[in-house]
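Enquirer: This is work_11.txt, which holds compact mmCIF, N, CA, C and O atoms:
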```txt
# COMPACT_ATOMS: atom_id res chain seq x y z
N MET A 1 66.92 -102.67 84.58
CA MET A 1 67.40 -103.74 85.43
C MET A 1 66.96 -105.09 84.87
O MET A 1 66.00 -105.18 84.12
N VAL A 2 67.65 -106.10 85.33
CA VAL A 2 67.38 -107.45 84.88
C VAL A 2 66.61 -108.19 85.98
O VAL A 2 66.86 -107.98 87.17
N THR A 3 65.72 -109.05 85.56
CA THR A 3 64.93 -109.78 86.56
C THR A 3 65.81 -110.79 87.30
O THR A 3 66.91 -111.14 86.85
N ARG A 4 65.30 -111.25 88.40
CA ARG A 4 66.03 -112.19 89.22
C ARG A 4 66.27 -113.52 88.48
O ARG A 4 67.32 -114.14 88.60
N ALA A 5 65.29 -113.94 87.69
CA ALA A 5 65.43 -115.19 86.94
C ALA A 5 66.56 -115.10 85.92
O ALA A 5 67.31 -116.06 85.73
N VAL A 6 66.69 -113.95 85.29
CA VAL A 6 67.77 -113.77 84.30
C VAL A 6 69.11 -113.79 85.01
O VAL A 6 70.09 -114.38 84.53
N ARG A 7 69.20 -113.14 86.17
CA ARG A 7 70.45 -113.16 86.94
C ARG A 7 70.82 -114.58 87.36
O ARG A 7 71.97 -114.98 87.26
N ARG A 8 69.82 -115.35 87.79
CA ARG A 8 70.08 -116.74 88.19
C ARG A 8 70.56 -117.57 87.01
O ARG A 8 71.49 -118.36 87.12
N ARG A 9 69.91 -117.37 85.87
CA ARG A 9 70.30 -118.12 84.66
C ARG A 9 71.73 -117.75 84.24
O ARG A 9 72.52 -118.62 83.89
N ALA A 10 72.05 -116.46 84.28
CA ALA A 10 73.40 -116.02 83.93
C ALA A 10 74.42 -116.59 84.91
O ALA A 10 75.51 -117.02 84.51
N ARG A 11 74.08 -116.64 86.18
CA ARG A 11 74.98 -117.22 87.18
C ARG A 11 75.19 -118.70 86.92
O ARG A 11 76.30 -119.22 87.04
N ALA A 12 74.13 -119.39 86.52
CA ALA A 12 74.25 -120.82 86.23
C ALA A 12 75.11 -121.07 84.99
O ALA A 12 75.90 -122.01 84.94
N VAL A 13 74.96 -120.22 83.98
CA VAL A 13 75.71 -120.40 82.75
C VAL A 13 77.18 -120.03 82.94
O VAL A 13 78.09 -120.74 82.51
N LEU A 14 77.44 -118.89 83.61
CA LEU A 14 78.80 -118.40 83.76
C LEU A 14 79.56 -119.05 84.91
O LEU A 14 80.78 -119.04 84.92
N GLY A 15 78.84 -119.56 85.88
CA GLY A 15 79.50 -120.15 87.03
C GLY A 15 79.84 -119.13 88.11
O GLY A 15 80.40 -119.46 89.14
N GLN A 16 79.56 -117.88 87.89
CA GLN A 16 79.78 -116.81 88.85
C GLN A 16 78.76 -115.71 88.61
O GLN A 16 78.07 -115.72 87.60
N ALA A 17 78.68 -114.78 89.53
CA ALA A 17 77.71 -113.69 89.39
C ALA A 17 78.13 -112.79 88.22
O ALA A 17 79.29 -112.43 88.09
N PRO A 18 77.19 -112.44 87.35
CA PRO A 18 77.54 -111.57 86.21
C PRO A 18 77.82 -110.15 86.69
O PRO A 18 77.16 -109.63 87.59
N LEU A 19 78.81 -109.51 86.06
CA LEU A 19 79.17 -108.15 86.45
C LEU A 19 78.25 -107.11 85.81
O LEU A 19 77.90 -106.12 86.44
N ALA A 20 77.89 -107.31 84.55
CA ALA A 20 77.03 -106.35 83.85
C ALA A 20 75.97 -107.12 83.08
O ALA A 20 76.12 -107.37 81.88
N PRO A 21 74.87 -107.51 83.71
CA PRO A 21 73.88 -108.34 83.02
C PRO A 21 72.92 -107.56 82.13
O PRO A 21 72.05 -108.15 81.52
N VAL A 22 73.03 -106.26 82.02
CA VAL A 22 72.12 -105.47 81.21
C VAL A 22 72.70 -105.35 79.81
O VAL A 22 73.88 -105.05 79.62
N TRP A 23 71.84 -105.58 78.79
CA TRP A 23 72.30 -105.47 77.42
C TRP A 23 72.44 -104.00 77.04
O TRP A 23 71.66 -103.16 77.47
N CYS A 24 73.43 -103.72 76.24
CA CYS A 24 73.65 -102.35 75.77
C CYS A 24 72.69 -102.04 74.63
O CYS A 24 72.33 -102.92 73.86
N ALA A 25 72.30 -100.80 74.51
CA ALA A 25 71.42 -100.39 73.43
C ALA A 25 71.83 -99.00 72.97
O ALA A 25 72.26 -98.17 73.76
N LEU A 26 71.72 -98.75 71.67
CA LEU A 26 71.98 -97.42 71.13
C LEU A 26 70.70 -96.61 71.20
O LEU A 26 69.64 -97.08 70.81
N ARG A 27 70.81 -95.40 71.69
CA ARG A 27 69.63 -94.57 71.83
C ARG A 27 69.20 -93.97 70.49
O ARG A 27 68.04 -93.70 70.26
N ARG A 28 70.14 -93.73 69.60
CA ARG A 28 69.83 -93.19 68.28
C ARG A 28 70.21 -94.20 67.22
O ARG A 28 70.82 -95.21 67.50
N GLY A 29 69.88 -93.89 65.98
CA GLY A 29 70.25 -94.77 64.87
C GLY A 29 71.75 -94.82 64.68
O GLY A 29 72.50 -93.96 65.16
N ILE A 30 72.20 -95.83 63.97
CA ILE A 30 73.63 -95.97 63.70
C ILE A 30 74.02 -94.90 62.68
O ILE A 30 73.37 -94.75 61.64
N PRO A 31 75.08 -94.13 62.95
CA PRO A 31 75.47 -93.06 62.03
C PRO A 31 76.03 -93.61 60.73
O PRO A 31 76.53 -94.73 60.67
N ARG A 32 75.94 -92.80 59.67
CA ARG A 32 76.50 -93.19 58.38
C ARG A 32 78.02 -93.18 58.47
O ARG A 32 78.60 -92.30 59.10
N PRO A 33 78.67 -94.14 57.81
CA PRO A 33 80.14 -94.14 57.82
C PRO A 33 80.67 -93.06 56.89
O PRO A 33 79.98 -92.62 55.97
N PRO A 34 81.91 -92.64 57.09
CA PRO A 34 82.52 -91.69 56.15
C PRO A 34 82.60 -92.30 54.75
O PRO A 34 82.65 -93.52 54.59
N LYS A 35 82.59 -91.44 53.74
CA LYS A 35 82.54 -91.92 52.35
C LYS A 35 83.72 -92.82 51.99
O LYS A 35 83.54 -93.82 51.32
N ASP A 36 84.92 -92.48 52.44
CA ASP A 36 86.08 -93.30 52.09
C ASP A 36 86.00 -94.69 52.76
O ASP A 36 86.38 -95.69 52.17
N VAL A 37 85.48 -94.75 53.96
CA VAL A 37 85.33 -96.04 54.64
C VAL A 37 84.25 -96.88 53.94
O VAL A 37 84.43 -98.08 53.72
N HIS A 38 83.15 -96.23 53.56
CA HIS A 38 82.08 -96.94 52.86
C HIS A 38 82.56 -97.46 51.52
O HIS A 38 82.26 -98.59 51.12
N ARG A 39 83.32 -96.68 50.80
CA ARG A 39 83.86 -97.08 49.50
C ARG A 39 84.83 -98.25 49.68
O ARG A 39 84.83 -99.21 48.92
N ALA A 40 85.68 -98.19 50.71
CA ALA A 40 86.66 -99.26 50.95
C ALA A 40 85.98 -100.56 51.37
O ALA A 40 86.52 -101.64 51.14
N ALA A 41 84.81 -100.47 51.97
CA ALA A 41 84.09 -101.67 52.41
C ALA A 41 83.26 -102.29 51.30
O ALA A 41 82.56 -103.27 51.53
N GLY A 42 83.27 -101.74 50.10
CA GLY A 42 82.56 -102.34 48.98
C GLY A 42 81.27 -101.63 48.62
O GLY A 42 80.51 -102.14 47.80
N LYS A 43 80.97 -100.50 49.21
CA LYS A 43 79.79 -99.69 48.90
C LYS A 43 78.50 -100.51 48.98
O LYS A 43 77.65 -100.45 48.11
N GLY A 44 78.31 -101.26 50.05
CA GLY A 44 77.10 -102.05 50.24
C GLY A 44 75.93 -101.16 50.65
O GLY A 44 76.08 -99.96 50.90
N ARG A 45 74.74 -101.76 50.71
CA ARG A 45 73.55 -101.01 51.11
C ARG A 45 73.67 -100.56 52.55
O ARG A 45 74.13 -101.31 53.40
N LEU A 46 73.21 -99.36 52.82
CA LEU A 46 73.22 -98.85 54.18
C LEU A 46 71.88 -99.04 54.86
O LEU A 46 71.78 -98.99 56.08
N ARG A 47 70.84 -99.27 54.09
CA ARG A 47 69.50 -99.48 54.65
C ARG A 47 69.05 -100.90 54.32
O ARG A 47 69.39 -101.43 53.27
N PRO A 48 68.27 -101.48 55.19
CA PRO A 48 67.79 -102.83 54.88
C PRO A 48 66.80 -102.80 53.73
O PRO A 48 66.13 -101.80 53.49
N GLY A 49 66.71 -103.91 53.01
CA GLY A 49 65.76 -104.01 51.91
C GLY A 49 64.33 -104.08 52.42
O GLY A 49 64.07 -104.34 53.59
N HIS A 50 63.39 -103.83 51.55
CA HIS A 50 61.97 -103.89 51.91
C HIS A 50 61.46 -105.30 51.63
O HIS A 50 61.36 -105.71 50.49
N HIS A 51 61.14 -106.01 52.69
CA HIS A 51 60.67 -107.38 52.54
C HIS A 51 59.16 -107.49 52.73
O HIS A 51 58.62 -108.60 52.75
N GLY A 52 58.47 -106.38 52.89
CA GLY A 52 57.03 -106.41 53.14
C GLY A 52 56.24 -107.14 52.08
O GLY A 52 55.41 -108.00 52.41
N PRO A 53 56.43 -106.86 50.78
CA PRO A 53 55.67 -107.57 49.75
C PRO A 53 55.94 -109.08 49.74
O PRO A 53 55.03 -109.87 49.50
N VAL A 54 57.16 -109.48 50.05
CA VAL A 54 57.48 -110.91 50.09
C VAL A 54 56.70 -111.57 51.22
O VAL A 54 56.10 -112.64 51.04
N TYR A 55 56.72 -110.95 52.39
CA TYR A 55 55.99 -111.51 53.53
C TYR A 55 54.49 -111.52 53.27
O TYR A 55 53.81 -112.49 53.62
N ALA A 56 53.98 -110.49 52.65
CA ALA A 56 52.55 -110.44 52.34
C ALA A 56 52.18 -111.55 51.35
O ALA A 56 51.14 -112.20 51.49
N GLY A 57 53.03 -111.79 50.36
CA GLY A 57 52.78 -112.87 49.41
C GLY A 57 52.77 -114.23 50.08
O GLY A 57 51.95 -115.08 49.76
N ARG A 58 53.68 -114.44 51.02
CA ARG A 58 53.71 -115.71 51.74
C ARG A 58 52.44 -115.90 52.56
O ARG A 58 51.89 -117.00 52.63
N VAL A 59 52.00 -114.84 53.21
CA VAL A 59 50.79 -114.94 54.03
C VAL A 59 49.57 -115.24 53.16
O VAL A 59 48.76 -116.09 53.49
N VAL A 60 49.46 -114.55 52.02
CA VAL A 60 48.33 -114.79 51.12
C VAL A 60 48.37 -116.23 50.61
O VAL A 60 47.35 -116.91 50.56
N PHE A 61 49.55 -116.71 50.25
CA PHE A 61 49.66 -118.08 49.75
C PHE A 61 49.24 -119.08 50.82
O PHE A 61 48.47 -120.00 50.55
N CYS A 62 49.75 -118.90 52.05
CA CYS A 62 49.46 -119.86 53.12
C CYS A 62 48.03 -119.77 53.62
O CYS A 62 47.47 -120.77 54.06
N CYS A 63 47.43 -118.60 53.59
CA CYS A 63 46.09 -118.43 54.16
C CYS A 63 44.97 -118.49 53.13
O CYS A 63 43.82 -118.70 53.51
N VAL A 64 45.26 -118.30 51.85
CA VAL A 64 44.21 -118.30 50.83
C VAL A 64 44.43 -119.41 49.80
O VAL A 64 43.56 -120.27 49.62
N VAL A 65 45.57 -119.40 49.14
CA VAL A 65 45.79 -120.31 48.01
C VAL A 65 45.93 -121.76 48.48
O VAL A 65 45.28 -122.65 47.93
N LEU A 66 46.75 -122.00 49.48
CA LEU A 66 46.97 -123.37 49.93
C LEU A 66 45.70 -124.02 50.47
O LEU A 66 45.37 -125.15 50.07
N PRO A 67 44.94 -123.36 51.35
CA PRO A 67 43.67 -123.99 51.78
C PRO A 67 42.70 -124.20 50.62
O PRO A 67 41.99 -125.21 50.58
N TRP A 68 42.66 -123.29 49.67
CA TRP A 68 41.78 -123.43 48.50
C TRP A 68 42.15 -124.70 47.73
O TRP A 68 41.29 -125.48 47.34
N MET A 69 43.45 -124.90 47.51
CA MET A 69 43.89 -126.09 46.78
C MET A 69 43.56 -127.36 47.56
O MET A 69 43.13 -128.36 46.97
N LEU A 70 43.75 -127.36 48.87
CA LEU A 70 43.46 -128.54 49.67
C LEU A 70 41.98 -128.87 49.67
O LEU A 70 41.59 -130.03 49.53
N VAL A 71 41.13 -127.86 49.82
CA VAL A 71 39.69 -128.09 49.81
C VAL A 71 39.25 -128.61 48.44
O VAL A 71 38.44 -129.54 48.35
N ASP A 72 39.79 -128.06 47.37
CA ASP A 72 39.45 -128.52 46.03
C ASP A 72 39.84 -129.98 45.84
O ASP A 72 39.07 -130.77 45.29
N THR A 73 41.03 -130.35 46.30
CA THR A 73 41.48 -131.74 46.18
C THR A 73 40.59 -132.67 46.99
O THR A 73 40.21 -133.75 46.52
N LEU A 74 40.26 -132.27 48.22
CA LEU A 74 39.41 -133.12 49.05
C LEU A 74 38.02 -133.28 48.45
O LEU A 74 37.45 -134.38 48.45
N LEU A 75 37.45 -132.20 47.92
CA LEU A 75 36.12 -132.30 47.31
C LEU A 75 36.13 -133.20 46.09
O LEU A 75 35.19 -133.95 45.86
N ASP A 76 37.20 -133.12 45.28
CA ASP A 76 37.32 -133.99 44.11
C ASP A 76 37.39 -135.45 44.53
O ASP A 76 36.77 -136.32 43.91
N ARG A 77 38.13 -135.75 45.56
CA ARG A 77 38.26 -137.14 46.01
C ARG A 77 36.96 -137.65 46.59
O ARG A 77 36.58 -138.79 46.37
N TRP A 78 36.28 -136.82 47.37
CA TRP A 78 35.02 -137.24 47.98
C TRP A 78 33.93 -137.44 46.92
O TRP A 78 33.11 -138.32 47.03
N ALA A 79 33.96 -136.60 45.88
CA ALA A 79 32.96 -136.72 44.84
C ALA A 79 33.29 -137.84 43.86
O ALA A 79 32.45 -138.26 43.07
N GLY A 80 34.53 -138.31 43.89
CA GLY A 80 34.93 -139.38 42.98
C GLY A 80 35.26 -138.90 41.59
O GLY A 80 35.37 -139.70 40.68
N THR A 81 35.42 -137.61 41.40
CA THR A 81 35.73 -137.09 40.08
C THR A 81 37.20 -136.77 39.91
O THR A 81 37.61 -136.25 38.90
N GLY A 82 37.98 -137.06 40.93
CA GLY A 82 39.40 -136.74 40.87
C GLY A 82 40.14 -137.60 39.88
O GLY A 82 39.73 -138.72 39.54
N ARG A 83 41.22 -137.11 39.39
CA ARG A 83 42.06 -137.87 38.48
C ARG A 83 42.78 -138.96 39.27
O ARG A 83 43.07 -138.78 40.44
N PRO A 84 43.09 -140.09 38.64
CA PRO A 84 43.83 -141.13 39.35
C PRO A 84 45.22 -140.61 39.70
O PRO A 84 45.81 -139.82 38.96
N ARG A 85 45.73 -141.04 40.82
CA ARG A 85 47.03 -140.56 41.28
C ARG A 85 48.16 -141.13 40.44
O ARG A 85 49.16 -140.49 40.23
N THR A 86 48.02 -142.35 39.95
CA THR A 86 49.06 -142.94 39.13
C THR A 86 48.71 -142.70 37.67
O THR A 86 47.59 -142.30 37.35
N GLY A 87 49.65 -143.00 36.81
CA GLY A 87 49.40 -142.83 35.38
C GLY A 87 48.43 -143.90 34.89
O GLY A 87 47.45 -144.22 35.55
N ARG A 88 48.73 -144.48 33.77
CA ARG A 88 47.84 -145.51 33.23
C ARG A 88 48.06 -146.82 33.96
O ARG A 88 49.18 -147.19 34.27
N THR A 89 46.99 -147.51 34.19
CA THR A 89 47.09 -148.83 34.83
C THR A 89 47.36 -149.87 33.76
O THR A 89 47.35 -149.58 32.56
N GLY A 90 47.58 -151.11 34.18
CA GLY A 90 47.84 -152.18 33.22
C GLY A 90 46.66 -152.38 32.28
O GLY A 90 46.84 -152.64 31.09
N GLN A 91 45.44 -152.27 32.76
CA GLN A 91 44.24 -152.45 31.94
C GLN A 91 44.16 -151.35 30.88
O GLN A 91 43.81 -151.62 29.73
N ALA A 92 44.51 -150.13 31.26
CA ALA A 92 44.45 -149.03 30.29
C ALA A 92 45.46 -149.24 29.17
O ALA A 92 45.18 -148.96 28.00
N HIS A 93 46.65 -149.77 29.50
CA HIS A 93 47.64 -150.06 28.47
C HIS A 93 47.14 -151.14 27.52
O HIS A 93 47.31 -151.05 26.30
N ALA A 94 46.52 -152.16 28.08
CA ALA A 94 46.00 -153.25 27.24
C ALA A 94 44.91 -152.73 26.31
O ALA A 94 44.87 -153.10 25.12
N ASP A 95 44.02 -151.89 26.81
CA ASP A 95 42.95 -151.33 25.97
C ASP A 95 43.53 -150.49 24.84
O ASP A 95 43.08 -150.56 23.70
N ARG A 96 44.54 -149.71 25.13
CA ARG A 96 45.15 -148.87 24.12
C ARG A 96 45.81 -149.74 23.04
O ARG A 96 45.73 -149.45 21.85
N ASP A 97 46.50 -150.80 23.48
CA ASP A 97 47.19 -151.66 22.51
C ASP A 97 46.19 -152.39 21.62
O ASP A 97 46.42 -152.55 20.41
N ARG A 98 45.06 -152.83 22.19
CA ARG A 98 44.04 -153.50 21.39
C ARG A 98 43.43 -152.55 20.38
O ARG A 98 43.13 -152.93 19.25
N ALA A 99 43.22 -151.31 20.75
CA ALA A 99 42.62 -150.34 19.85
C ALA A 99 43.57 -149.96 18.72
O ALA A 99 43.13 -149.59 17.64
N ALA A 100 44.86 -150.08 18.95
CA ALA A 100 45.82 -149.69 17.92
C ALA A 100 45.90 -150.72 16.81
O ALA A 100 46.36 -150.41 15.70
N GLY A 101 45.47 -151.94 17.05
CA GLY A 101 45.52 -152.97 16.01
C GLY A 101 46.79 -153.79 16.12
O GLY A 101 47.62 -153.60 16.99
N PRO A 102 46.94 -154.73 15.20
CA PRO A 102 48.11 -155.62 15.26
C PRO A 102 49.38 -154.87 14.88
O PRO A 102 49.38 -153.93 14.08
N ALA A 103 50.45 -155.31 15.50
CA ALA A 103 51.74 -154.70 15.20
C ALA A 103 52.25 -155.21 13.86
O ALA A 103 52.14 -156.39 13.56
N VAL A 104 52.79 -154.34 13.05
CA VAL A 104 53.29 -154.73 11.74
C VAL A 104 54.79 -154.55 11.76
O VAL A 104 55.31 -153.49 12.10
N CYS A 105 55.49 -155.61 11.37
CA CYS A 105 56.94 -155.54 11.34
C CYS A 105 57.39 -155.24 9.91
O CYS A 105 56.90 -155.88 8.96
N PRO A 106 58.28 -154.29 9.73
CA PRO A 106 58.76 -154.03 8.37
C PRO A 106 59.62 -155.20 7.89
O PRO A 106 60.40 -155.76 8.63
N ALA A 107 59.46 -155.57 6.67
CA ALA A 107 60.19 -156.74 6.16
C ALA A 107 61.43 -156.34 5.44
O ALA A 107 61.71 -155.35 4.95
```
Could you take the file, read its structure, and then write that structure out as structure tokens?
Expert:
Amino acid sequence: MVTRAVRRRARAVLGQAPLAPVWCALRRGIPRPPKDVHRAAGKGRLRPGHHGPVYAGRVVFCCVVLPWMLVDTLLDRWAGTGRPRTGRTGQAHADRDRAAGPAVCPA
């Protein structure tokens, strides 16, 4: 049976009392189709793929790798040993140019 709240919600959505508010369910698994029907439909997979390793990889990444990277970044910034976020600054370019010596133009 359906709860009273679900019946009220269905009545509000439909504008009238629902005739059959209970969802249908199959008691057993879905039977395999006949071979000719399966072949005509393109011979697709009949069973769902296994996504367990993918989900486990996502969980490991989000719960282990990502926090590890964040903590490492924060510790580097707090310690002052982190790399600068931008590339070379104007001063670094000037130092490099001075160290290279005078520019020589081919004649």
Enquirer: Counting only C-alpha atoms, which of A:Met69, A:Pro48, A:Val2, A:Phe61 gets nearest to Leu19 of chain A?
Expert: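 Using only C-alpha atoms, Leu19 of chain A sits closest to A:Val2.
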Enquirer: Quick check, in Å to one decimal: how far apart do atom CA of Lys43 of chain A and atom CA of Ala56 of chain A lie?
Expert: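 Between these atoms lies a distance of 29.5 Å.
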Enquirer: Report, in Å with one decimal, the straight-line distance from atom C of Thr3 of chain A to atom C of Arg28 of chain A.
Expert: 26.4 Å
Enquirer: For atom CA of Val71 of chain A and atom CA of Gly52 of chain A, determine how far apart the two atoms are, in Å to one decimal place.
Expert: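 Computed distance, atom CA of Val71 of chain A to atom CA of Gly52 of chain A, equals 28.0 Å.
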Enquirer: Which is closest to Leu46 of chain A among A:Leu14, A:Leu66, A:Val59, A:Ile30, if we use only N, CA, C and O atoms?
Expert: A:Ile30
Enquirer: Could you give me, as a ChimeraX atom specification, each residue of segment 2-77 of chain A that DSSP assigns to alpha helix (DSSP H) when run on this structure's backbone?
Expert: /A:4-14,35-40,52-60,66-77
Enquirer: Produce a file of the selected residues containing N, CA, C and O atoms, as a compact mmCIF listing (two decimals), in the coordinates of the input.
Expert:
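selection.txt, written as the output of this step:
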```txt
# COMPACT_ATOMS: atom_id res chain seq x y z
N ARG A 4 65.30 -111.25 88.40
CA ARG A 4 66.03 -112.19 89.22
C ARG A 4 66.27 -113.52 88.48
O ARG A 4 67.32 -114.14 88.60
N ALA A 5 65.29 -113.94 87.69
CA ALA A 5 65.43 -115.19 86.94
C ALA A 5 66.56 -115.10 85.92
O ALA A 5 67.31 -116.06 85.73
N VAL A 6 66.69 -113.95 85.29
CA VAL A 6 67.77 -113.77 84.30
C VAL A 6 69.11 -113.79 85.01
O VAL A 6 70.09 -114.38 84.53
N ARG A 7 69.20 -113.14 86.17
CA ARG A 7 70.45 -113.16 86.94
C ARG A 7 70.82 -114.58 87.36
O ARG A 7 71.97 -114.98 87.26
N ARG A 8 69.82 -115.35 87.79
CA ARG A 8 70.08 -116.74 88.19
C ARG A 8 70.56 -117.57 87.01
O ARG A 8 71.49 -118.36 87.12
N ARG A 9 69.91 -117.37 85.87
CA ARG A 9 70.30 -118.12 84.66
C ARG A 9 71.73 -117.75 84.24
O ARG A 9 72.52 -118.62 83.89
N ALA A 10 72.05 -116.46 84.28
CA ALA A 10 73.40 -116.02 83.93
C ALA A 10 74.42 -116.59 84.91
O ALA A 10 75.51 -117.02 84.51
N ARG A 11 74.08 -116.64 86.18
CA ARG A 11 74.98 -117.22 87.18
C ARG A 11 75.19 -118.70 86.92
O ARG A 11 76.30 -119.22 87.04
N ALA A 12 74.13 -119.39 86.52
CA ALA A 12 74.25 -120.82 86.23
C ALA A 12 75.11 -121.07 84.99
O ALA A 12 75.90 -122.01 84.94
N VAL A 13 74.96 -120.22 83.98
CA VAL A 13 75.71 -120.40 82.75
C VAL A 13 77.18 -120.03 82.94
O VAL A 13 78.09 -120.74 82.51
N LEU A 14 77.44 -118.89 83.61
CA LEU A 14 78.80 -118.40 83.76
C LEU A 14 79.56 -119.05 84.91
O LEU A 14 80.78 -119.04 84.92
N LYS A 35 82.59 -91.44 53.74
CA LYS A 35 82.54 -91.92 52.35
C LYS A 35 83.72 -92.82 51.99
O LYS A 35 83.54 -93.82 51.32
N ASP A 36 84.92 -92.48 52.44
CA ASP A 36 86.08 -93.30 52.09
C ASP A 36 86.00 -94.69 52.76
O ASP A 36 86.38 -95.69 52.17
N VAL A 37 85.48 -94.75 53.96
CA VAL A 37 85.33 -96.04 54.64
C VAL A 37 84.25 -96.88 53.94
O VAL A 37 84.43 -98.08 53.72
N HIS A 38 83.15 -96.23 53.56
CA HIS A 38 82.08 -96.94 52.86
C HIS A 38 82.56 -97.46 51.52
O HIS A 38 82.26 -98.59 51.12
N ARG A 39 83.32 -96.68 50.80
CA ARG A 39 83.86 -97.08 49.50
C ARG A 39 84.83 -98.25 49.68
O ARG A 39 84.83 -99.21 48.92
N ALA A 40 85.68 -98.19 50.71
CA ALA A 40 86.66 -99.26 50.95
C ALA A 40 85.98 -100.56 51.37
O ALA A 40 86.52 -101.64 51.14
N GLY A 52 58.47 -106.38 52.89
CA GLY A 52 57.03 -106.41 53.14
C GLY A 52 56.24 -107.14 52.08
O GLY A 52 55.41 -108.00 52.41
N PRO A 53 56.43 -106.86 50.78
CA PRO A 53 55.67 -107.57 49.75
C PRO A 53 55.94 -109.08 49.74
O PRO A 53 55.03 -109.87 49.50
N VAL A 54 57.16 -109.48 50.05
CA VAL A 54 57.48 -110.91 50.09
C VAL A 54 56.70 -111.57 51.22
O VAL A 54 56.10 -112.64 51.04
N TYR A 55 56.72 -110.95 52.39
CA TYR A 55 55.99 -111.51 53.53
C TYR A 55 54.49 -111.52 53.27
O TYR A 55 53.81 -112.49 53.62
N ALA A 56 53.98 -110.49 52.65
CA ALA A 56 52.55 -110.44 52.34
C ALA A 56 52.18 -111.55 51.35
O ALA A 56 51.14 -112.20 51.49
N GLY A 57 53.03 -111.79 50.36
CA GLY A 57 52.78 -112.87 49.41
C GLY A 57 52.77 -114.23 50.08
O GLY A 57 51.95 -115.08 49.76
N ARG A 58 53.68 -114.44 51.02
CA ARG A 58 53.71 -115.71 51.74
C ARG A 58 52.44 -115.90 52.56
O ARG A 58 51.89 -117.00 52.63
N VAL A 59 52.00 -114.84 53.21
CA VAL A 59 50.79 -114.94 54.03
C VAL A 59 49.57 -115.24 53.16
O VAL A 59 48.76 -116.09 53.49
N VAL A 60 49.46 -114.55 52.02
CA VAL A 60 48.33 -114.79 51.12
C VAL A 60 48.37 -116.23 50.61
O VAL A 60 47.35 -116.91 50.56
N LEU A 66 46.75 -122.00 49.48
CA LEU A 66 46.97 -123.37 49.93
C LEU A 66 45.70 -124.02 50.47
O LEU A 66 45.37 -125.15 50.07
N PRO A 67 44.94 -123.36 51.35
CA PRO A 67 43.67 -123.99 51.78
C PRO A 67 42.70 -124.20 50.62
O PRO A 67 41.99 -125.21 50.58
N TRP A 68 42.66 -123.29 49.67
CA TRP A 68 41.78 -123.43 48.50
C TRP A 68 42.15 -124.70 47.73
O TRP A 68 41.29 -125.48 47.34
N MET A 69 43.45 -124.90 47.51
CA MET A 69 43.89 -126.09 46.78
C MET A 69 43.56 -127.36 47.56
O MET A 69 43.13 -128.36 46.97
N LEU A 70 43.75 -127.36 48.87
CA LEU A 70 43.46 -128.54 49.67
C LEU A 70 41.98 -128.87 49.67
O LEU A 70 41.59 -130.03 49.53
N VAL A 71 41.13 -127.86 49.82
CA VAL A 71 39.69 -128.09 49.81
C VAL A 71 39.25 -128.61 48.44
O VAL A 71 38.44 -129.54 48.35
N ASP A 72 39.79 -128.06 47.37
CA ASP A 72 39.45 -128.52 46.03
C ASP A 72 39.84 -129.98 45.84
O ASP A 72 39.07 -130.77 45.29
N THR A 73 41.03 -130.35 46.30
CA THR A 73 41.48 -131.74 46.18
C THR A 73 40.59 -132.67 46.99
O THR A 73 40.21 -133.75 46.52
N LEU A 74 40.26 -132.27 48.22
CA LEU A 74 39.41 -133.12 49.05
C LEU A 74 38.02 -133.28 48.45
O LEU A 74 37.45 -134.38 48.45
N LEU A 75 37.45 -132.20 47.92
CA LEU A 75 36.12 -132.30 47.31
C LEU A 75 36.13 -133.20 46.09
O LEU A 75 35.19 -133.95 45.86
N ASP A 76 37.20 -133.12 45.28
CA ASP A 76 37.32 -133.99 44.11
C ASP A 76 37.39 -135.45 44.53
O ASP A 76 36.77 -136.32 43.91
N ARG A 77 38.13 -135.75 45.56
CA ARG A 77 38.26 -137.14 46.01
C ARG A 77 36.96 -137.65 46.59
O ARG A 77 36.58 -138.79 46.37
```
Enquirer: Please, what is the axis-aligned box for every listed atom of segment 37-54 of chain A with 3 Å on each side, as centre and edge lengths in Å to one decimal, as AutoDock Vina command-line options?
Expert:
```
--center_x 70.8 --center_y -103.7 --center_z 51.9 --size_x 37.6 --size_y 23.9 --size_z 14.3
```
Enquirer: Which residues are close to Ala17 of chain A, i.e. within 7 Å by only N, CA, C and O atoms, leaving aside same-chain residues fewer than 5 positions away? Reply as a list in words.
Expert: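 Residues meeting the cut-off are Arg7, Ala10 and Arg11 of chain A.
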